[in-house]
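Dumped protein_8.pdb below, it's PDB, C-alpha atoms:
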ATOM      1  CA  MET A   1       7.582 -94.541  11.955  1.00  0.00           C
ATOM      2  CA  PHE A   2       5.479 -94.104  15.051  1.00  0.00           C
ATOM      3  CA  LYS A   3       2.720 -91.571  15.575  1.00  0.00           C
ATOM      4  CA  ILE A   4       1.848 -89.415  18.580  1.00  0.00           C
ATOM      5  CA  GLY A   5      -0.112 -91.531  21.060  1.00  0.00           C
ATOM      6  CA  ASP A   6       1.453 -94.839  19.976  1.00  0.00           C
ATOM      7  CA  LYS A   7       2.519 -97.208  22.752  1.00  0.00           C
ATOM      8  CA  ILE A   8       6.037 -98.547  22.203  1.00  0.00           C
ATOM      9  CA  VAL A   9       8.644-100.656  23.972  1.00  0.00           C
ATOM     10  CA  TYR A  10      12.050 -99.175  24.776  1.00  0.00           C
ATOM     11  CA  PRO A  11      14.487-102.006  25.649  1.00  0.00           C
ATOM     12  CA  MET A  12      15.611-102.022  29.303  1.00  0.00           C
ATOM     13  CA  HIS A  13      13.150 -99.212  30.130  1.00  0.00           C
ATOM     14  CA  GLY A  14       9.769-100.669  29.255  1.00  0.00           C
ATOM     15  CA  VAL A  15       6.534 -99.515  27.727  1.00  0.00           C
ATOM     16  CA  GLY A  16       6.310 -95.893  26.731  1.00  0.00           C
ATOM     17  CA  GLN A  17       4.006 -93.571  24.890  1.00  0.00           C
ATOM     18  CA  ILE A  18       4.982 -91.204  22.093  1.00  0.00           C
ATOM     19  CA  ASP A  19       3.936 -87.795  23.410  1.00  0.00           C
ATOM     20  CA  GLY A  20       5.302 -85.812  20.521  1.00  0.00           C
ATOM     21  CA  ILE A  21       7.642 -85.661  17.559  1.00  0.00           C
ATOM     22  CA  GLU A  22       9.817 -82.541  17.613  1.00  0.00           C
ATOM     23  CA  LYS A  23      12.643 -81.070  15.603  1.00  0.00           C
ATOM     24  CA  LYS A  24      15.539 -80.109  17.872  1.00  0.00           C
ATOM     25  CA  VAL A  25      19.157 -79.069  17.509  1.00  0.00           C
ATOM     26  CA  VAL A  26      21.399 -81.326  19.603  1.00  0.00           C
ATOM     27  CA  LEU A  27      25.198 -81.122  19.377  1.00  0.00           C
ATOM     28  CA  GLY A  28      24.839 -78.772  16.435  1.00  0.00           C
ATOM     29  CA  LYS A  29      22.705 -81.185  14.390  1.00  0.00           C
ATOM     30  CA  ARG A  30      19.034 -80.717  13.630  1.00  0.00           C
ATOM     31  CA  ASN A  31      17.028 -83.942  13.965  1.00  0.00           C
ATOM     32  CA  GLU A  32      13.525 -85.143  14.596  1.00  0.00           C
ATOM     33  CA  TYR A  33      13.001 -86.749  18.006  1.00  0.00           C
ATOM     34  CA  TYR A  34      10.330 -88.920  19.542  1.00  0.00           C
ATOM     35  CA  MET A  35       9.344 -87.453  22.896  1.00  0.00           C
ATOM     36  CA  ILE A  36       8.494 -90.517  24.978  1.00  0.00           C
ATOM     37  CA  THR A  37       7.136 -90.997  28.490  1.00  0.00           C
ATOM     38  CA  ILE A  38       7.988 -94.361  30.057  1.00  0.00           C
ATOM     39  CA  ILE A  39       4.718 -95.499  31.612  1.00  0.00           C
ATOM     40  CA  ASN A  40       5.947 -97.397  34.683  1.00  0.00           C
ATOM     41  CA  ASN A  41       8.104 -94.593  36.090  1.00  0.00           C
ATOM     42  CA  GLY A  42       7.116 -91.400  34.245  1.00  0.00           C
ATOM     43  CA  MET A  43      10.653 -90.914  32.879  1.00  0.00           C
ATOM     44  CA  LYS A  44      10.795 -88.658  29.808  1.00  0.00           C
ATOM     45  CA  VAL A  45      13.172 -89.623  26.990  1.00  0.00           C
ATOM     46  CA  MET A  46      14.068 -88.162  23.632  1.00  0.00           C
ATOM     47  CA  ILE A  47      14.984 -90.640  20.892  1.00  0.00           C
ATOM     48  CA  PRO A  48      16.159 -89.605  17.427  1.00  0.00           C
ATOM     49  CA  VAL A  49      13.517 -90.793  14.933  1.00  0.00           C
ATOM     50  CA  ASN A  50      16.218 -92.053  12.536  1.00  0.00           C
ATOM     51  CA  ASN A  51      17.868 -94.155  15.311  1.00  0.00           C
ATOM     52  CA  ALA A  52      14.718 -95.611  16.854  1.00  0.00           C
ATOM     53  CA  LYS A  53      14.944 -98.961  15.072  1.00  0.00           C
ATOM     54  CA  GLU A  54      18.670 -99.275  15.826  1.00  0.00           C
ATOM     55  CA  ILE A  55      18.013 -98.549  19.508  1.00  0.00           C
ATOM     56  CA  GLY A  56      15.380-101.293  19.482  1.00  0.00           C
ATOM     57  CA  ILE A  57      12.220 -99.212  19.818  1.00  0.00           C
ATOM     58  CA  ARG A  58       9.336-101.410  18.719  1.00  0.00           C
ATOM     59  CA  SER A  59       5.558-101.671  18.862  1.00  0.00           C
ATOM     60  CA  ILE A  60       3.759-103.509  21.650  1.00  0.00           C
ATOM     61  CA  ILE A  61       3.262-107.173  20.748  1.00  0.00           C
ATOM     62  CA  PRO A  62      -0.150-108.089  19.361  1.00  0.00           C
ATOM     63  CA  LYS A  63      -2.621-109.554  21.852  1.00  0.00           C
ATOM     64  CA  LYS A  64      -2.491-112.934  20.049  1.00  0.00           C
ATOM     65  CA  ASP A  65       1.251-113.268  20.847  1.00  0.00           C
ATOM     66  CA  ILE A  66       0.735-113.089  24.628  1.00  0.00           C
ATOM     67  CA  LYS A  67       0.055-116.854  24.704  1.00  0.00           C
ATOM     68  CA  LYS A  68       3.606-117.427  23.408  1.00  0.00           C
ATOM     69  CA  VAL A  69       5.052-115.192  26.162  1.00  0.00           C
ATOM     70  CA  LEU A  70       3.037-116.960  28.865  1.00  0.00           C
ATOM     71  CA  GLY A  71       4.099-120.292  27.368  1.00  0.00           C
ATOM     72  CA  ILE A  72       7.776-119.339  27.757  1.00  0.00           C
ATOM     73  CA  LEU A  73       7.136-118.293  31.363  1.00  0.00           C
ATOM     74  CA  SER A  74       5.310-121.512  32.207  1.00  0.00           C
ATOM     75  CA  VAL A  75       7.706-124.114  30.781  1.00  0.00           C
ATOM     76  CA  ALA A  76      10.412-125.606  32.947  1.00  0.00           C
ATOM     77  CA  ALA A  77      13.605-123.580  32.770  1.00  0.00           C
ATOM     78  CA  GLU A  78      16.509-125.078  30.896  1.00  0.00           C
ATOM     79  CA  SER A  79      19.748-125.773  32.704  1.00  0.00           C
ATOM     80  CA  ILE A  80      21.014-122.523  34.149  1.00  0.00           C
ATOM     81  CA  GLU A  81      24.615-121.351  33.795  1.00  0.00           C
ATOM     82  CA  GLU A  82      26.408-121.845  37.135  1.00  0.00           C
ATOM     83  CA  ASP A  83      29.010-119.083  36.679  1.00  0.00           C
ATOM     84  CA  TRP A  84      27.049-116.077  37.936  1.00  0.00           C
ATOM     85  CA  LYS A  85      29.056-113.547  35.899  1.00  0.00           C
ATOM     86  CA  LEU A  86      28.329-115.388  32.650  1.00  0.00           C
ATOM     87  CA  ARG A  87      24.709-115.973  33.657  1.00  0.00           C
ATOM     88  CA  TYR A  88      24.240-112.305  34.545  1.00  0.00           C
ATOM     89  CA  GLN A  89      25.831-111.075  31.288  1.00  0.00           C
ATOM     90  CA  ASN A  90      23.733-113.472  29.191  1.00  0.00           C
ATOM     91  CA  ASN A  91      20.598-112.303  30.967  1.00  0.00           C
ATOM     92  CA  ILE A  92      21.490-108.611  30.573  1.00  0.00           C
ATOM     93  CA  ASP A  93      22.057-109.181  26.840  1.00  0.00           C
ATOM     94  CA  LYS A  94      18.640-110.821  26.547  1.00  0.00           C
ATOM     95  CA  VAL A  95      16.912-107.932  28.325  1.00  0.00           C
ATOM     96  CA  LYS A  96      18.781-105.372  26.199  1.00  0.00           C
ATOM     97  CA  SER A  97      17.644-107.181  23.029  1.00  0.00           C
ATOM     98  CA  GLY A  98      14.178-105.743  23.565  1.00  0.00           C
ATOM     99  CA  SER A  99      12.552-109.055  22.637  1.00  0.00           C
ATOM    100  CA  ILE A 100       9.736-109.844  25.061  1.00  0.00           C
ATOM    101  CA  TYR A 101      10.410-113.535  24.416  1.00  0.00           C
ATOM    102  CA  GLU A 102      14.026-113.238  25.589  1.00  0.00           C
ATOM    103  CA  VAL A 103      12.953-111.105  28.550  1.00  0.00           C
ATOM    104  CA  ALA A 104      10.425-113.848  29.426  1.00  0.00           C
ATOM    105  CA  GLU A 105      13.261-116.418  29.401  1.00  0.00           C
ATOM    106  CA  VAL A 106      15.229-114.247  31.849  1.00  0.00           C
ATOM    107  CA  ALA A 107      12.242-113.862  34.189  1.00  0.00           C
ATOM    108  CA  ARG A 108      11.515-117.600  34.061  1.00  0.00           C
ATOM    109  CA  ASP A 109      15.117-118.678  34.622  1.00  0.00           C
ATOM    110  CA  LEU A 110      15.740-116.240  37.469  1.00  0.00           C
ATOM    111  CA  PHE A 111      12.388-117.118  39.055  1.00  0.00           C
ATOM    112  CA  LYS A 112      13.409-120.796  39.046  1.00  0.00           C
ATOM    113  CA  ARG A 113      16.873-120.033  40.375  1.00  0.00           C
ATOM    114  CA  GLY A 114      15.435-117.771  43.083  1.00  0.00           C
ATOM    115  CA  ASN A 115      13.283-120.662  44.287  1.00  0.00           C
ATOM    116  CA  GLU A 116      16.343-122.936  44.515  1.00  0.00           C
ATOM    117  CA  LYS A 117      18.938-120.487  45.858  1.00  0.00           C
ATOM    118  CA  GLU A 118      18.851-116.894  46.991  1.00  0.00           C
ATOM    119  CA  LEU A 119      19.523-114.526  44.089  1.00  0.00           C
ATOM    120  CA  SER A 120      22.301-111.964  44.356  1.00  0.00           C
ATOM    121  CA  ILE A 121      21.144-108.354  44.653  1.00  0.00           C
ATOM    122  CA  MET A 122      22.038-107.712  40.995  1.00  0.00           C
ATOM    123  CA  GLU A 123      20.137-110.779  39.794  1.00  0.00           C
ATOM    124  CA  ARG A 124      17.147-109.939  41.974  1.00  0.00           C
ATOM    125  CA  LYS A 125      17.038-106.448  40.421  1.00  0.00           C
ATOM    126  CA  LEU A 126      17.344-107.960  36.952  1.00  0.00           C
ATOM    127  CA  TYR A 127      14.494-110.387  37.702  1.00  0.00           C
ATOM    128  CA  GLU A 128      12.311-107.532  38.985  1.00  0.00           C
ATOM    129  CA  ASN A 129      13.103-105.487  35.876  1.00  0.00           C
ATOM    130  CA  ALA A 130      12.298-108.407  33.530  1.00  0.00           C
ATOM    131  CA  TYR A 131       9.080-109.144  35.432  1.00  0.00           C
ATOM    132  CA  GLN A 132       8.025-105.501  35.221  1.00  0.00           C
ATOM    133  CA  LEU A 133       8.861-105.236  31.503  1.00  0.00           C
ATOM    134  CA  ILE A 134       6.673-108.258  30.751  1.00  0.00           C
ATOM    135  CA  THR A 135       3.858-107.163  33.053  1.00  0.00           C
ATOM    136  CA  TYR A 136       3.533-103.695  31.507  1.00  0.00           C
ATOM    137  CA  GLU A 137       3.660-105.005  27.951  1.00  0.00           C
ATOM    138  CA  VAL A 138       1.055-107.709  28.695  1.00  0.00           C
ATOM    139  CA  ALA A 139      -1.160-105.036  30.297  1.00  0.00           C
ATOM    140  CA  MET A 140      -0.906-102.793  27.220  1.00  0.00           C
ATOM    141  CA  ALA A 141      -1.364-105.639  24.723  1.00  0.00           C
ATOM    142  CA  LYS A 142      -4.426-107.021  26.543  1.00  0.00           C
ATOM    143  CA  SER A 143      -5.792-103.595  27.574  1.00  0.00           C
ATOM    144  CA  ILE A 144      -5.944-104.647  31.231  1.00  0.00           C
ATOM    145  CA  GLU A 145      -4.801-103.095  34.504  1.00  0.00           C
ATOM    146  CA  ILE A 146      -1.155-103.528  35.586  1.00  0.00           C
ATOM    147  CA  ASP A 147      -2.188-105.513  38.700  1.00  0.00           C
ATOM    148  CA  GLU A 148      -4.216-107.947  36.602  1.00  0.00           C
ATOM    149  CA  ALA A 149      -1.318-108.380  34.168  1.00  0.00           C
ATOM    150  CA  GLY A 150       0.998-109.002  37.130  1.00  0.00           C
ATOM    151  CA  ASN A 151      -1.321-111.792  38.291  1.00  0.00           C
ATOM    152  CA  VAL A 152      -1.303-113.348  34.792  1.00  0.00           C
ATOM    153  CA  VAL A 153       2.517-113.254  34.655  1.00  0.00           C
ATOM    154  CA  SER A 154       2.897-114.597  38.212  1.00  0.00           C
ATOM    155  CA  GLU A 155       0.479-117.467  37.535  1.00  0.00           C
ATOM    156  CA  ALA A 156       2.411-118.449  34.400  1.00  0.00           C
ATOM    157  CA  LEU A 157       5.723-118.425  36.303  1.00  0.00           C
ATOM    158  CA  ALA A 158       4.267-120.424  39.190  1.00  0.00           C
ATOM    159  CA  SER A 159       2.725-123.028  36.869  1.00  0.00           C
ATOM    160  CA  GLY A 160       6.138-123.700  35.301  1.00  0.00           C
ATOM    161  CA  PHE A 161       7.706-124.137  38.723  1.00  0.00           C
ATOM    162  CA  LYS A 162       5.018-126.595  39.875  1.00  0.00           C
ATOM    163  CA  GLU A 163       5.547-128.833  36.821  1.00  0.00           C
ATOM    164  CA  GLU A 164       9.121-129.535  37.904  1.00  0.00           C
ATOM    165  CA  GLU A 165       8.351-130.562  41.486  1.00  0.00           C
TER     166      GLU A 165
END
In structure tokens, what does this structure look like?
Amino acid sequence: MFKIGDKIVYPMHGVGQIDGIEKKVVLGKRNEYYMITIINNGMKVMIPVNNAKEIGIRSIIPKKDIKKVLGILSVAAESIEEDWKLRYQNNIDKVKSGSIYEVAEVARDLFKRGNEKELSIMERKLYENAYQLITYEVAMAKSIEIDEAGNVVSEALASGFKEEE
């Protein structure tokens, strides 16, 4: 269970902060809800406390695990699925998983593909979303500014691309 003030990750939406825990009646049922503000866009969400784990709400990764994330971003991408529909669905599933490691794989693979061929609009949006999810979580885990975290993520992606050339 999370406490007020905790920073959390909400899959597909990003890093949020628990602003409150309130009892509310929704659809005739009384439940406790986390009142969450998503940090990157200010969106307010209400998540049932008893469904939070099922939805994939989790704590920010520990600072020591950032090296693993940056390692994923900086290694050469594996072979990328050619069928864009399959590739897109696989990437969406990874982002929805809520795992920063799977999100890092998506960012890395789409970054590589974007340097070889132009990404479709949908894939470009997915890349931007994955990049932003990682950047905000790295910023929170390392207690650094978003811009600085963006530089760290970009450098890791670029170093993986250079290795292949």
Just need the box for segment 93-104 of chain A, edges along x, y and z, holding every atom the file lists for it with 3 Å tacked onto each side, so centre and edge lengths in Å to one decimal, as AutoDock Vina command-line options.
--center_x 15.9 --center_y -109.6 --center_z 26.0 --size_x 18.3 --size_y 14.5 --size_z 12.8
Contact residues around segment 90-103 of chain A with only C-alpha atoms at 6 Å, ignoring same-chain residues under 3 positions, as a ChimeraX atom specification: /A:11-12,69,87,106,130
(request) Name all residues at most 12 Å from segment 23-28 of chain A (count all atoms listed in the file; drop same-chain ones fewer than 6 positions away) and give them as a ChimeraX atom specification. (result) /A:34-35,46-50
Computed gap from atom CA of Asp83 of chain A to atom CA of Lys125 of chain A is 17.8 Å
Point-to-point distance in Å for atom CA of Arg58 of chain A and atom CA of Asp6 of chain A:
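Taking atom CA of Asp6 of chain A and atom CA of Arg58 of chain A, their separation equals 10.3 Å.
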- Message: Quick check on the file I pasted: which residues fall under the PyMOL selection byres ((chain A and resi 145-150) around 12)? Write them as a PyMOL selection string.
- Response: chain A and resi 15+39-40+66+70+128+130-144+151-157
Report task. Write out as a PyMOL selection string each polymer residue whose atoms come within 9 Å of segment 115-124 of chain A, counting only C-alpha atoms; drop sequence neighbours fewer than 4 positions from it. Result -> chain A and resi 84+88+91+110-111+128-129+161
With C-alpha atoms kept, could you save the residues just selected as an mmCIF file, in the coordinates of the input?
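Output saved as part.cif:
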data_model
loop_
_atom_site.group_PDB
_atom_site.id
_atom_site.type_symbol
_atom_site.label_atom_id
_atom_site.label_comp_id
_atom_site.auth_asym_id
_atom_site.auth_seq_id
_atom_site.Cartn_x
_atom_site.Cartn_y
_atom_site.Cartn_z
ATOM 1 C CA TRP A 84 27.049 -116.077 37.936
ATOM 2 C CA TYR A 88 24.240 -112.305 34.545
ATOM 3 C CA ASN A 91 20.598 -112.303 30.967
ATOM 4 C CA LEU A 110 15.740 -116.240 37.469
ATOM 5 C CA PHE A 111 12.388 -117.118 39.055
ATOM 6 C CA GLU A 128 12.311 -107.532 38.985
ATOM 7 C CA ASN A 129 13.103 -105.487 35.876
ATOM 8 C CA PHE A 161 7.706 -124.137 38.723
#
Correct to one decimal, the distance atom CA of Gly71 of chain A-atom CA of Gly160 of chain A is 8.9 Å
Note to self: With distances taken over only C-alpha atoms, which residue among A:Pro62, A:Gly114, A:Gly14, A:Gly5 lies nearest Ile38 of chain A?
What the structure shows: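 Comparing A:Pro62, A:Gly114, A:Gly14, A:Gly5 against Ile38 of chain A, the winner is A:Gly14.
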- Query: What does the PyMOL selection byres ((chain A and resi 17) around 7) select in this file, as a list in words?
  - Reply: Gly5, Asp6, Lys7, Ile8, Gly16, Ile18, Asp19, Ile36, Thr37 and Ile38 of chain A
Write out as a compact mmCIF listing (two decimals) with C-alpha atoms, keeping the file's coordinate frame which residues come within 9 Å of Asp109 of chain A when counting all atoms listed in the file, dropping same-chain ones fewer than 2 positions away.
# COMPACT_ATOMS: atom_id res chain seq x y z
CA LEU A 73 7.14 -118.29 31.36
CA ALA A 76 10.41 -125.61 32.95
CA ALA A 77 13.60 -123.58 32.77
CA GLU A 78 16.51 -125.08 30.90
CA SER A 79 19.75 -125.77 32.70
CA ILE A 80 21.01 -122.52 34.15
CA ALA A 104 10.42 -113.85 29.43
CA GLU A 105 13.26 -116.42 29.40
CA VAL A 106 15.23 -114.25 31.85
CA ALA A 107 12.24 -113.86 34.19
CA PHE A 111 12.39 -117.12 39.06
CA LYS A 112 13.41 -120.80 39.05
CA ARG A 113 16.87 -120.03 40.38
CA GLY A 114 15.44 -117.77 43.08
CA TYR A 127 14.49 -110.39 37.70
